[in-house]
Amino acid sequence: MARAIPGTATFYQQYTPYACYGSTPEGVMIAAASDPLWDGGAICGKMFTVKCTGATNPVPHPCYDGKTVTVKIVDHCPGCGGTLDLSKEAFESIADPVAGVIKIEYW
């Protein structure tokens, strides 16, 4: 396994147009990269496996134990509050969306 990088994740629900692919459909297991990861779009198309590791707010135990999701970077999230902005479908496969923001590891 690759070395896991800690970060945070949020989610979004309006997927197109993408900064990377315009209006071309890319499925729903997707994510947007925050400014520090964006690198002028060089990250477009990169796949990450993401795992919820804990809460960032008072929502108790938002993580679905042991679950991971693989997402494709399709967009840029300028000024995002998290490292990765996951599609709602990707987020809710690893954590309770009521949490809004979660701690993650990604690789």
# chains A, B, ... in the order shown; residues from 1 in each chain; ligands from 1
>>> residues_around(residues="range 39-48 of chain A", least_positions_apart="6", cutoff="9 Å", atoms="only C-alpha atoms", output="PyMOL selection string")
chain A and resi 19-21+30+33+69-76+106-107
>>> atom_distance(atom1="CA of Pro97 in chain A", atom2="CA of Pro36 in chain A")
23.9 Å
>>> atom_distance(atom1="CA of Phe91 in chain A", atom2="CA of Thr24 in chain A")
21.5 Å
>>> residues_around(residues="Lys103 in chain A", least_positions_apart="4", cutoff="6 Å", atoms="only C-alpha atoms", output="MDAnalysis selection string")
chainID A and resid 7:8 52:55
>>> select_by_dssp(residues="chain A", states="strand (DSSP E)", output="PyMOL selection string")
chain A and resi 5-12+30-34+47-55+68-77+84-87+102-106
